[in-house]
file work-v1.csv (CSV, C-alpha atoms)
chain,number,residue,atom,x,y,z
A,8,MET,CA,15.2,-79.1,29.9
A,9,ALA,CA,13.7,-80.1,26.7
A,10,LYS,CA,10.4,-82.0,26.9
A,11,SER,CA,9.8,-85.1,24.8
A,12,ILE,CA,7.4,-85.1,21.9
A,13,VAL,CA,4.9,-87.1,24.0
A,14,GLN,CA,5.0,-84.6,26.8
A,15,GLU,CA,4.4,-81.7,24.4
A,16,PHE,CA,1.4,-83.6,23.1
A,17,THR,CA,-0.1,-84.6,26.5
A,18,LYS,CA,0.3,-81.2,28.2
A,19,GLY,CA,-2.5,-79.9,26.0
A,20,LEU,CA,-4.8,-82.5,27.4
A,21,TRP,CA,-4.6,-81.5,31.0
A,22,GLU,CA,-1.8,-79.2,32.2
A,23,GLU,CA,-2.6,-76.5,29.6
A,24,LEU,CA,-6.1,-77.5,28.7
A,25,PRO,CA,-7.0,-74.5,26.6
A,26,PRO,CA,-10.3,-73.0,27.6
A,27,PHE,CA,-9.9,-73.9,31.3
A,28,ARG,CA,-6.3,-73.6,32.1
A,29,LEU,CA,-5.3,-70.9,29.7
A,30,VAL,CA,-8.7,-69.2,29.6
A,31,LEU,CA,-8.2,-68.1,26.1
A,32,GLY,CA,-10.4,-68.3,23.0
A,33,LEU,CA,-13.6,-68.3,24.9
A,34,CYS,CA,-15.9,-66.9,22.1
A,35,PRO,CA,-16.3,-70.2,20.2
A,36,VAL,CA,-16.4,-72.1,23.4
A,37,LEU,CA,-19.5,-70.2,24.5
A,38,GLY,CA,-20.9,-69.7,21.0
A,39,VAL,CA,-21.1,-73.1,19.4
A,40,THR,CA,-21.5,-75.5,22.3
A,41,THR,CA,-25.3,-75.7,22.1
A,42,SER,CA,-24.8,-79.4,21.4
A,43,MET,CA,-22.0,-81.9,21.6
A,44,GLU,CA,-21.8,-82.3,17.8
A,45,ASN,CA,-21.3,-78.6,17.2
A,46,GLY,CA,-18.7,-78.4,19.8
A,47,LEU,CA,-16.7,-81.3,18.4
A,48,GLY,CA,-17.0,-80.0,14.9
A,49,MET,CA,-15.7,-76.6,15.9
A,50,GLY,CA,-12.9,-78.3,17.8
A,51,VAL,CA,-11.8,-80.4,14.8
A,52,ALA,CA,-11.8,-77.3,12.6
A,53,THR,CA,-9.7,-75.4,15.2
A,54,THR,CA,-7.3,-78.3,15.6
A,55,PHE,CA,-6.7,-78.5,11.9
A,56,VAL,CA,-5.8,-74.8,11.7
A,57,LEU,CA,-3.7,-75.0,14.9
A,58,ALA,CA,-1.7,-78.0,13.7
A,59,CYS,CA,-1.1,-76.6,10.2
A,60,SER,CA,-0.2,-73.1,11.3
A,61,ASN,CA,2.1,-74.5,13.9
A,62,ILE,CA,3.9,-76.6,11.3
A,63,LEU,CA,4.3,-73.7,8.8
A,64,VAL,CA,5.3,-71.2,11.5
A,65,SER,CA,7.9,-73.6,12.8
A,66,LEU,CA,9.2,-74.2,9.3
A,67,LEU,CA,9.5,-70.5,8.5
A,68,ARG,CA,10.7,-69.4,12.0
A,69,ASN,CA,14.2,-68.5,10.8
A,70,ILE,CA,13.0,-66.7,7.7
A,71,ILE,CA,10.3,-64.4,9.2
A,72,PRO,CA,11.8,-61.1,10.4
A,73,PRO,CA,11.1,-60.7,14.1
A,74,LYS,CA,9.6,-57.2,13.7
A,75,VAL,CA,6.7,-58.3,11.4
A,76,ARG,CA,6.3,-61.8,12.8
A,77,ILE,CA,2.8,-61.2,14.2
A,78,ALA,CA,1.5,-60.0,10.9
A,79,CYS,CA,3.1,-63.0,9.1
A,80,PHE,CA,1.5,-65.4,11.7
A,81,ILE,CA,-1.9,-63.9,11.1
A,82,ILE,CA,-1.6,-64.2,7.4
A,83,ILE,CA,-0.5,-67.9,7.7
A,84,ILE,CA,-3.4,-68.6,10.1
A,85,ALA,CA,-5.9,-66.8,7.9
A,86,SER,CA,-4.9,-68.9,4.9
A,87,PHE,CA,-5.6,-72.1,6.8
A,88,VAL,CA,-8.9,-70.7,8.0
A,89,ILE,CA,-10.0,-70.1,4.5
A,90,VAL,CA,-9.0,-73.7,3.6
A,91,VAL,CA,-11.1,-75.0,6.5
A,92,GLU,CA,-14.0,-72.7,5.6
A,93,HIS,CA,-14.1,-74.2,2.1
A,94,LEU,CA,-13.6,-77.8,3.2
A,95,LEU,CA,-16.5,-77.5,5.6
A,96,GLN,CA,-18.7,-75.8,3.0
A,97,ALA,CA,-18.0,-78.6,0.5
A,98,TYR,CA,-18.2,-81.7,2.8
A,99,ALA,CA,-20.1,-80.7,5.9
A,100,TYR,CA,-22.6,-78.1,4.8
A,101,PRO,CA,-25.1,-78.5,7.7
A,102,LEU,CA,-22.2,-78.0,10.2
A,103,PHE,CA,-20.9,-75.1,8.2
A,104,LEU,CA,-24.3,-73.4,8.6
A,105,LYS,CA,-24.5,-74.1,12.3
A,106,LEU,CA,-21.0,-72.8,13.1
A,107,GLY,CA,-21.6,-69.7,10.9
A,108,VAL,CA,-19.6,-66.7,11.8
A,109,PHE,CA,-17.4,-68.7,14.2
A,110,ILE,CA,-15.4,-70.4,11.4
A,111,PRO,CA,-13.9,-67.2,10.0
A,112,LEU,CA,-13.4,-66.1,13.5
A,113,ILE,CA,-10.8,-68.9,14.2
A,114,VAL,CA,-8.4,-66.2,12.7
A,115,VAL,CA,-8.8,-64.1,15.8
A,116,ASN,CA,-8.9,-67.0,18.3
A,117,CYS,CA,-6.2,-66.2,20.8
A,118,ILE,CA,-5.2,-69.8,21.2
A,119,VAL,CA,-4.0,-70.2,17.7
A,120,LEU,CA,-2.0,-67.0,17.6
A,121,GLY,CA,-0.8,-67.7,21.1
A,122,ARG,CA,0.6,-71.1,20.2
A,123,ALA,CA,2.3,-69.7,17.0
A,124,GLU,CA,3.9,-66.9,19.0
A,125,ALA,CA,4.7,-68.7,22.3
A,126,PHE,CA,5.7,-72.1,20.9
A,127,ALA,CA,6.0,-72.8,17.2
A,128,SER,CA,8.2,-69.7,16.6
A,129,LYS,CA,10.8,-71.1,19.0
A,130,ASN,CA,10.6,-74.9,18.5
A,131,GLY,CA,11.3,-77.5,15.8
A,132,ILE,CA,8.7,-79.0,13.5
A,133,ALA,CA,8.1,-82.3,15.4
A,134,SER,CA,7.5,-80.7,18.8
A,135,SER,CA,5.4,-77.9,17.2
A,136,THR,CA,3.2,-80.4,15.5
A,137,ALA,CA,2.8,-82.4,18.7
A,138,ASP,CA,2.0,-79.1,20.6
A,139,GLY,CA,-0.6,-78.1,18.0
A,140,MET,CA,-2.3,-81.5,18.0
A,141,GLY,CA,-2.3,-81.7,21.8
A,142,ILE,CA,-3.7,-78.3,22.4
A,143,GLY,CA,-6.2,-78.8,19.6
A,144,ILE,CA,-7.4,-82.1,20.9
A,145,GLY,CA,-7.7,-80.7,24.4
A,146,PHE,CA,-9.7,-77.9,23.0
A,147,THR,CA,-12.0,-80.3,21.1
A,148,LEU,CA,-12.6,-82.4,24.1
A,149,SER,CA,-13.4,-79.4,26.2
A,150,LEU,CA,-15.9,-78.1,23.6
A,151,GLY,CA,-17.4,-81.6,23.4
A,152,ALA,CA,-17.8,-81.9,27.1
A,153,LEU,CA,-19.4,-78.5,27.5
A,154,GLY,CA,-21.6,-79.2,24.6
A,155,ALA,CA,-22.7,-82.5,26.1
A,156,PHE,CA,-23.3,-80.9,29.5
A,157,ARG,CA,-25.5,-78.1,28.0
A,158,GLU,CA,-27.3,-80.5,25.7
A,159,ILE,CA,-28.2,-83.0,28.4
A,160,LEU,CA,-29.5,-80.3,30.8
A,161,GLY,CA,-31.0,-78.1,28.2
A,162,LYS,CA,-32.7,-80.6,25.9
A,163,GLY,CA,-32.7,-83.8,27.9
A,164,SER,CA,-31.1,-85.7,25.1
A,165,LEU,CA,-27.6,-86.3,23.6
A,166,THR,CA,-27.2,-86.6,19.9
A,167,ILE,CA,-24.0,-88.5,19.1
A,168,TRP,CA,-23.9,-88.8,15.4
A,169,GLY,CA,-26.9,-87.9,13.1
A,170,ASP,CA,-29.8,-90.1,14.3
A,171,LEU,CA,-27.8,-92.0,16.8
A,172,GLY,CA,-28.8,-90.5,20.1
A,173,TYR,CA,-29.7,-91.0,23.7
A,174,ASN,CA,-32.9,-89.6,25.2
A,175,LEU,CA,-32.7,-88.9,28.9
A,176,THR,CA,-36.4,-88.3,29.2
A,177,SER,CA,-37.2,-91.9,28.3
A,178,VAL,CA,-35.1,-93.1,31.3
A,179,PHE,CA,-36.2,-90.3,33.8
A,180,PRO,CA,-39.7,-89.4,32.7
A,181,SER,CA,-40.0,-86.7,35.3
A,182,PHE,CA,-36.9,-84.9,34.1
A,183,GLN,CA,-37.8,-81.4,32.9
A,184,PRO,CA,-35.1,-79.9,30.6
A,185,PHE,CA,-33.8,-76.4,31.5
A,186,GLU,CA,-34.5,-74.6,28.3
A,187,PHE,CA,-32.1,-71.8,29.2
A,188,MET,CA,-29.1,-74.0,29.3
A,189,VAL,CA,-29.0,-74.2,25.5
A,190,GLN,CA,-29.6,-70.5,25.2
A,191,ALA,CA,-27.1,-67.7,25.8
A,192,PRO,CA,-27.1,-67.5,29.6
A,193,GLY,CA,-26.6,-71.2,29.9
A,194,ALA,CA,-23.3,-70.9,28.0
A,195,PHE,CA,-21.7,-68.6,30.6
A,196,ILE,CA,-23.1,-70.5,33.6
A,197,GLY,CA,-22.2,-73.9,32.2
A,198,LEU,CA,-18.6,-72.8,31.4
A,199,GLY,CA,-18.3,-71.1,34.8
A,200,LEU,CA,-19.4,-74.3,36.6
A,201,MET,CA,-17.1,-76.5,34.6
A,202,LEU,CA,-14.2,-74.2,35.3
A,203,CYS,CA,-15.1,-74.4,39.0
A,204,ALA,CA,-15.1,-78.3,38.8
A,205,ILE,CA,-11.7,-78.3,36.9
A,206,ASN,CA,-10.2,-76.0,39.5
A,207,ALA,CA,-11.6,-78.2,42.3
A,208,ILE,CA,-10.1,-81.3,40.8
A,209,GLY,CA,-6.8,-79.6,40.0
A,210,ASP,CA,-6.3,-78.6,43.6
B,80,MET,CA,-36.2,-52.6,9.2
B,81,GLY,CA,-36.0,-48.9,10.3
B,82,TYR,CA,-32.8,-47.5,11.9
B,83,PHE,CA,-34.5,-47.3,15.3
B,84,GLU,CA,-35.4,-51.0,15.4
B,85,LEU,CA,-31.9,-51.8,14.1
B,86,ILE,CA,-30.3,-49.9,16.9
B,87,ILE,CA,-32.4,-51.5,19.6
B,88,ALA,CA,-31.8,-54.9,18.0
B,89,CYS,CA,-28.1,-54.5,18.0
B,90,ILE,CA,-27.7,-53.0,21.4
B,91,PHE,CA,-30.1,-55.2,23.4
B,92,VAL,CA,-31.6,-58.1,21.6
B,93,ASN,CA,-28.6,-59.3,19.7
B,94,ASN,CA,-26.1,-57.9,22.2
B,95,ILE,CA,-22.7,-58.7,20.8
B,96,LEU,CA,-21.3,-60.0,24.1
B,97,LEU,CA,-24.2,-61.6,25.8
B,98,ALA,CA,-26.2,-63.0,22.9
B,99,GLN,CA,-23.7,-63.5,20.1
B,100,PHE,CA,-20.6,-64.4,22.3
B,101,LEU,CA,-18.2,-62.2,20.4
B,102,GLY,CA,-15.3,-60.4,22.2
B,103,ASN,CA,-15.4,-62.4,25.3
B,104,CYS,CA,-11.6,-62.3,26.0
B,105,PRO,CA,-11.6,-58.5,26.6
B,106,PHE,CA,-15.0,-58.9,28.4
B,107,LEU,CA,-13.4,-61.1,31.0
B,108,GLY,CA,-9.9,-59.6,30.8
B,109,THR,CA,-10.7,-55.9,31.2
B,110,SER,CA,-13.7,-56.0,33.5
B,111,LYS,CA,-12.0,-56.2,36.8
B,112,LYS,CA,-11.8,-52.4,37.2
B,113,MET,CA,-14.3,-49.8,36.0
B,114,GLU,CA,-11.5,-47.7,34.6
B,115,THR,CA,-10.2,-50.3,32.2
B,116,ALA,CA,-13.7,-51.3,31.2
B,117,VAL,CA,-14.5,-47.7,30.2
B,118,GLY,CA,-11.3,-47.4,28.3
B,119,MET,CA,-11.9,-50.6,26.4
B,120,SER,CA,-15.5,-49.6,25.6
B,121,MET,CA,-14.4,-46.3,24.1
B,122,ALA,CA,-11.6,-47.9,22.0
B,123,VAL,CA,-14.0,-50.5,20.7
B,124,ILE,CA,-16.7,-47.9,19.7
B,125,PHE,CA,-14.1,-45.9,17.9
B,126,VAL,CA,-12.4,-48.8,16.0
B,127,LEU,CA,-15.6,-50.8,15.3
B,128,VAL,CA,-17.4,-47.9,13.5
B,129,LEU,CA,-14.3,-47.4,11.3
B,130,ALA,CA,-13.7,-51.1,10.7
B,131,GLY,CA,-17.3,-51.9,10.0
B,132,THR,CA,-17.6,-49.2,7.3
B,133,ILE,CA,-14.2,-49.7,5.7
B,134,THR,CA,-14.6,-53.5,5.5
B,135,TRP,CA,-18.0,-53.0,4.0
B,136,LEU,CA,-16.6,-50.7,1.3
B,137,ILE,CA,-13.7,-53.1,0.6
B,138,PHE,CA,-16.0,-56.1,0.3
B,139,THR,CA,-18.5,-54.4,-2.0
B,140,TYR,CA,-16.2,-52.4,-4.2
B,141,VAL,CA,-13.1,-54.6,-4.3
B,142,LEU,CA,-13.8,-58.2,-3.4
B,143,VAL,CA,-17.2,-58.6,-5.1
B,144,GLU,CA,-16.2,-56.5,-8.1
B,145,PHE,CA,-13.1,-58.7,-8.8
B,146,ASN,CA,-14.7,-62.0,-7.8
B,147,LEU,CA,-12.5,-62.5,-4.8
B,148,VAL,CA,-15.1,-63.2,-2.2
B,149,TYR,CA,-13.3,-66.3,-1.0
B,150,LEU,CA,-10.5,-64.0,0.3
B,151,ARG,CA,-12.9,-62.3,2.7
B,152,THR,CA,-11.3,-63.6,5.9
B,153,ILE,CA,-7.8,-62.7,5.0
B,154,ALA,CA,-8.7,-59.4,3.6
B,155,PHE,CA,-10.7,-58.4,6.7
B,156,ILE,CA,-8.0,-59.3,9.2
B,157,VAL,CA,-5.4,-57.4,7.2
B,158,VAL,CA,-7.7,-54.4,7.0
B,159,ILE,CA,-8.5,-54.5,10.7
B,160,ALA,CA,-4.9,-54.9,11.8
B,161,SER,CA,-3.6,-52.1,9.6
B,162,LEU,CA,-6.5,-49.9,10.6
B,163,VAL,CA,-5.7,-50.3,14.2
B,164,GLN,CA,-2.0,-49.5,13.5
B,165,PHE,CA,-3.1,-46.4,11.5
B,166,VAL,CA,-5.5,-45.2,14.1
B,167,GLU,CA,-2.8,-45.6,16.8
B,168,MET,CA,-0.3,-43.5,14.8
B,169,PHE,CA,-2.9,-40.9,13.9
B,170,LEU,CA,-4.1,-40.5,17.5
B,171,LYS,CA,-0.5,-40.3,18.9
B,172,LYS,CA,0.3,-37.4,16.5
B,173,SER,CA,-2.9,-35.4,16.5
B,174,ILE,CA,-5.0,-36.2,19.6
B,175,PRO,CA,-2.5,-37.2,22.3
B,176,ALA,CA,-5.1,-36.9,25.1
B,177,LEU,CA,-7.4,-39.5,23.6
B,178,TYR,CA,-4.4,-41.7,22.8
B,179,ALA,CA,-3.2,-41.6,26.4
B,180,GLY,CA,-6.8,-42.5,27.5
B,181,LEU,CA,-7.2,-45.5,25.2
B,182,GLY,CA,-3.6,-46.6,25.9
B,183,ILE,CA,-2.9,-50.3,25.6
B,184,PHE,CA,-6.4,-51.1,24.6
B,185,LEU,CA,-5.9,-50.0,21.0
B,186,PRO,CA,-3.5,-52.7,19.9
B,187,LEU,CA,-5.5,-55.4,21.7
B,188,ILE,CA,-8.4,-54.7,19.5
B,189,THR,CA,-6.8,-56.4,16.6
B,190,THR,CA,-7.5,-59.7,18.2
B,191,ASN,CA,-10.9,-58.7,19.6
B,192,CYS,CA,-13.3,-61.0,17.7
B,193,ALA,CA,-16.1,-58.6,18.2
B,194,VAL,CA,-14.6,-56.3,15.6
B,195,MET,CA,-14.0,-59.0,13.0
B,196,GLY,CA,-17.4,-60.6,13.9
B,197,VAL,CA,-19.4,-57.4,13.3
B,198,CYS,CA,-17.7,-56.9,10.0
B,199,ILE,CA,-18.6,-60.4,8.9
B,200,LEU,CA,-22.2,-60.1,10.3
B,201,ASN,CA,-22.7,-56.9,8.3
B,202,ILE,CA,-21.8,-58.7,5.1
B,203,ASP,CA,-23.8,-61.9,6.0
B,204,LYS,CA,-26.9,-59.9,6.8
B,205,GLU,CA,-26.6,-58.0,3.5
B,206,PHE,CA,-26.8,-54.6,5.1
B,207,THR,CA,-26.5,-51.4,3.0
B,208,PHE,CA,-23.8,-48.9,3.7
B,209,MET,CA,-25.9,-46.8,6.1
B,210,GLN,CA,-27.2,-49.9,7.8
B,211,SER,CA,-23.7,-51.3,8.5
B,212,LEU,CA,-22.6,-47.9,9.8
B,213,VAL,CA,-25.5,-47.7,12.2
B,214,ALA,CA,-25.3,-51.4,13.1
B,215,SER,CA,-21.5,-51.2,13.8
B,216,PHE,CA,-22.1,-48.2,16.1
B,217,ALA,CA,-25.0,-49.9,17.9
B,218,TYR,CA,-23.1,-53.2,18.4
B,219,ALA,CA,-20.2,-51.3,19.8
B,220,VAL,CA,-22.5,-49.4,22.2
B,221,GLY,CA,-24.0,-52.7,23.3
B,222,PHE,CA,-20.5,-54.0,23.9
B,223,GLY,CA,-19.7,-51.0,26.1
B,224,LEU,CA,-23.0,-51.3,27.9
B,225,ALA,CA,-22.5,-54.9,28.8
B,226,LEU,CA,-18.8,-54.5,29.7
B,227,ILE,CA,-19.5,-51.5,32.0
B,228,LEU,CA,-22.5,-53.2,33.7
B,229,PHE,CA,-20.3,-56.4,34.2
B,230,ALA,CA,-17.4,-54.4,35.6
B,231,GLY,CA,-19.7,-52.7,38.1
B,232,VAL,CA,-21.0,-56.1,39.3
B,233,ARG,CA,-17.5,-57.5,39.4
B,234,GLU,CA,-16.1,-54.8,41.5
B,235,ARG,CA,-18.7,-55.7,44.1
B,236,ILE,CA,-17.9,-59.4,43.9
B,237,LEU,CA,-14.4,-58.5,45.1
B,238,LEU,CA,-15.9,-57.7,48.5
B,239,ALA,CA,-17.8,-61.0,48.7
B,240,ARG,CA,-16.3,-64.3,50.0
B,241,VAL,CA,-16.3,-66.7,47.1
B,242,PRO,CA,-15.4,-70.5,47.5
B,243,LYS,CA,-11.8,-71.2,46.3
B,244,PRO,CA,-12.5,-73.2,43.1
B,245,LEU,CA,-15.1,-70.6,42.0
B,246,GLN,CA,-12.8,-67.6,42.4
B,247,ASP,CA,-11.9,-65.1,39.7
B,248,THR,CA,-12.9,-66.2,36.1
B,249,SER,CA,-15.2,-68.9,37.3
B,250,ILE,CA,-17.5,-66.7,39.3
B,251,GLY,CA,-17.0,-64.0,36.6
B,252,LEU,CA,-18.6,-66.4,34.1
B,253,VAL,CA,-21.5,-67.3,36.3
B,254,THR,CA,-22.1,-63.6,36.9
B,255,ALA,CA,-22.0,-62.9,33.1
B,256,GLY,CA,-24.6,-65.7,32.8
B,257,MET,CA,-26.9,-63.8,35.2
B,258,ILE,CA,-26.5,-60.6,33.2
B,259,ALA,CA,-27.1,-62.5,30.0
B,260,LEU,CA,-30.3,-63.9,31.6
B,261,ALA,CA,-31.4,-60.3,32.1
B,262,PHE,CA,-30.6,-59.4,28.5
B,263,TYR,CA,-32.4,-62.6,27.5
B,264,ALA,CA,-35.7,-60.8,28.4
B,265,PHE,CA,-35.3,-58.6,25.4
B,266,LYS,CA,-35.5,-61.6,23.1
B,267,GLY,CA,-38.3,-61.4,20.6
B,268,MET,CA,-38.8,-57.6,21.2
B,269,VAL,CA,-37.8,-56.6,17.7
call {"tool": "encode", "arguments": {"input": "work-v1.csv", "output": "structure tokens"}}
result
Amino acid sequence: MAKSIVQEFTKGLWEELPPFRLVLGLCPVLGVTTSMENGLGMGVATTFVLACSNILVSLLRNIIPPKVRIACFIIIIASFVIVVEHLLQAYAYPLFLKLGVFIPLIVVNCIVLGRAEAFASKNGIASSTADGMGIGIGFTLSLGALGAFREILGKGSLTIWGDLGYNLTSVFPSFQPFEFMVQAPGAFIGLGLMLCAINAIGD
Amino acid sequence: MGYFELIIACIFVNNILLAQFLGNCPFLGTSKKMETAVGMSMAVIFVLVLAGTITWLIFTYVLVEFNLVYLRTIAFIVVIASLVQFVEMFLKKSIPALYAGLGIFLPLITTNCAVMGVCILNIDKEFTFMQSLVASFAYAVGFGLALILFAGVRERILLARVPKPLQDTSIGLVTAGMIALAFYAFKGMV
């Protein structure tokens, strides 16, 4: 049974929520979520690559010879990653510096290649676009949530956009931030606990 | 920075898995059994040293020379993918024993972001040829060390009773966090 476009879009938001349900592409999830802003920025960059590569793969799906399809997909994805890299460098330089090595690494993000191979190479343009956007937005929201979780516990504050922010310590003066939540170990533990929460809700 | 400090920094302080978060998919995927963890570590050491040096040469003598630095991402992924293919064919023909040992882990390395990540880090940190050779090797050893330690812990967790929502990957991540906490102690050493 073919799913409708809306269903293709919404499945990425819960049913196949990338980092939690599919447990794929964990490196950027762990690496950039030291704050909500970074997480969202990375998510938007990945969404762009995901949607564009899905569209192009879907367009070319009858032309690409099946034997060399993976190589073709990787080249398509790499081209869009270069586009994103230069766009960020030009228009969002501070974010570009913070995300660092993780932007070129979108190329090897399993989610992007996974969607190209499992979905876009078999479906039409409209549903592939919806799929790419859905999975991408799900990924962005997950990164943002984990970033917010780590930032609140680790720094006791939440930066929303630039100077706009919310300081937890002014409301609860006795709150002591856990410094380690914004460091490496906190990434693993934070993601593990969120995965646990999602599993508990899902059951 | 001397080579000794570089090695210590790459294995412990900036451990590729636990401090830089690169290559986490195989970290969680192949750590359920000690055997697969060892296989993956060996394959990564082998490919990473080759990939790190070859991408360095290509970047310095081709991309910089012809002003094509913006093609770095696409050039590196193509080099890594073809290198993995080449290594696979070479091993199959000439060292079948090693090929059988590495098995399915070789093709998986193409999408291991630790390999691509180290190649990019070598360039970003402006290492010389020798430095990138040493750093690639040390990063790969650090990958193996963390993976094998983690697999050891994970085999023991199988015997423990874990609450249902925490099972499998979830408890794996929390465990990885504990190991990362141990590695965190190395911070500021070099």
call {"tool": "interface_residues", "arguments": {"input": "work-v1.csv", "of": "chain A", "to": "chain B", "cutoff": "6 Å", "atoms": "only C-alpha atoms", "output": "list of chain:residue names"}}
result
A:Cys34, A:Gly38, A:Ala85, A:Val115, A:Ala191, A:Pro192, A:Phe195, A:Ile196, A:Gly199, A:Leu202, A:Cys203, A:Asn206, A:Ala207
call {"tool": "atom_distance", "arguments": {"input": "work-v1.csv", "atom1": "atom CA of Val128 of chain B", "atom2": "atom CA of Ala219 of chain B"}}
result
7.7 Å
call {"tool": "residues_around", "arguments": {"input": "work-v1.csv", "residues": "Arg28 of chain A", "least_positions_apart": "6", "cutoff": "10 Å", "atoms": "only C-alpha atoms", "output": "list in words"}}
result
Gly19, Trp21, Glu22, Leu202, Ile205, Asn206 and Gly209 of chain A
call {"tool": "atom_distance", "arguments": {"input": "work-v1.csv", "atom1": "atom CA of Leu102 of chain A", "atom2": "atom CA of Ile118 of chain A"}}
result
21.8 Å
call {"tool": "atom_distance", "arguments": {"input": "work-v1.csv", "atom1": "atom CA of Gly143 of chain A", "atom2": "atom CA of Pro25 of chain A"}}
result
8.3 Å
call {"tool": "closest_residue", "arguments": {"input": "work-v1.csv", "among": "B:Cys198, B:Val123, B:Leu177, B:Leu228", "to": "Pro111 of chain A", "atoms": "all atoms listed in the file"}}
result
B:Cys198
call {"tool": "residues_near_point", "arguments": {"input": "work-v1.csv", "point": "(-35.3, -55.0, 18.9)", "cutoff": "10 Å", "atoms": "all atoms listed in the file", "output": "PyMOL selection string"}}
result
chain B and resi 83-93+265-269
call {"tool": "write_last_selection", "arguments": {"input": "work-v1.csv", "atoms": "C-alpha atoms", "output": "compact mmCIF listing (two decimals), in the coordinates of the input"}}
result
# COMPACT_ATOMS: atom_id res chain seq x y z
CA PHE B 83 -34.50 -47.30 15.30
CA GLU B 84 -35.40 -51.00 15.40
CA LEU B 85 -31.90 -51.80 14.10
CA ILE B 86 -30.30 -49.90 16.90
CA ILE B 87 -32.40 -51.50 19.60
CA ALA B 88 -31.80 -54.90 18.00
CA CYS B 89 -28.10 -54.50 18.00
CA ILE B 90 -27.70 -53.00 21.40
CA PHE B 91 -30.10 -55.20 23.40
CA VAL B 92 -31.60 -58.10 21.60
CA ASN B 93 -28.60 -59.30 19.70
CA PHE B 265 -35.30 -58.60 25.40
CA LYS B 266 -35.50 -61.60 23.10
CA GLY B 267 -38.30 -61.40 20.60
CA MET B 268 -38.80 -57.60 21.20
CA VAL B 269 -37.80 -56.60 17.70
call {"tool": "residues_around", "arguments": {"input": "work-v1.csv", "residues": "Gly231 of chain B", "least_positions_apart": "3", "cutoff": "9 Å", "atoms": "all atoms listed in the file", "output": "list of chain:residue names"}}
result
B:Ser110, B:Lys111, B:Lys112, B:Met113, B:Leu226, B:Ile227, B:Leu228, B:Glu234, B:Arg235
call {"tool": "residues_near_point", "arguments": {"input": "work-v1.csv", "point": "(-21.3, -87.9, 28.0)", "cutoff": "12 Å", "atoms": "all atoms listed in the file", "output": "MDAnalysis selection string"}}
result
chainID A and resid 42:44 148:149 151:160 164:167 172:173 175
call {"tool": "write_last_selection", "arguments": {"input": "work-v1.csv", "atoms": "C-alpha atoms", "output": "PDB file, keeping the file's coordinate frame"}}
result
ATOM      1  CA  SER A  42     -24.800 -79.400  21.400  1.00  0.00           C
ATOM      2  CA  MET A  43     -22.000 -81.900  21.600  1.00  0.00           C
ATOM      3  CA  GLU A  44     -21.800 -82.300  17.800  1.00  0.00           C
ATOM      4  CA  LEU A 148     -12.600 -82.400  24.100  1.00  0.00           C
ATOM      5  CA  SER A 149     -13.400 -79.400  26.200  1.00  0.00           C
ATOM      6  CA  GLY A 151     -17.400 -81.600  23.400  1.00  0.00           C
ATOM      7  CA  ALA A 152     -17.800 -81.900  27.100  1.00  0.00           C
ATOM      8  CA  LEU A 153     -19.400 -78.500  27.500  1.00  0.00           C
ATOM      9  CA  GLY A 154     -21.600 -79.200  24.600  1.00  0.00           C
ATOM     10  CA  ALA A 155     -22.700 -82.500  26.100  1.00  0.00           C
ATOM     11  CA  PHE A 156     -23.300 -80.900  29.500  1.00  0.00           C
ATOM     12  CA  ARG A 157     -25.500 -78.100  28.000  1.00  0.00           C
ATOM     13  CA  GLU A 158     -27.300 -80.500  25.700  1.00  0.00           C
ATOM     14  CA  ILE A 159     -28.200 -83.000  28.400  1.00  0.00           C
ATOM     15  CA  LEU A 160     -29.500 -80.300  30.800  1.00  0.00           C
ATOM     16  CA  SER A 164     -31.100 -85.700  25.100  1.00  0.00           C
ATOM     17  CA  LEU A 165     -27.600 -86.300  23.600  1.00  0.00           C
ATOM     18  CA  THR A 166     -27.200 -86.600  19.900  1.00  0.00           C
ATOM     19  CA  ILE A 167     -24.000 -88.500  19.100  1.00  0.00           C
ATOM     20  CA  GLY A 172     -28.800 -90.500  20.100  1.00  0.00           C
ATOM     21  CA  TYR A 173     -29.700 -91.000  23.700  1.00  0.00           C
ATOM     22  CA  LEU A 175     -32.700 -88.900  28.900  1.00  0.00           C
TER      23      LEU A 175
END
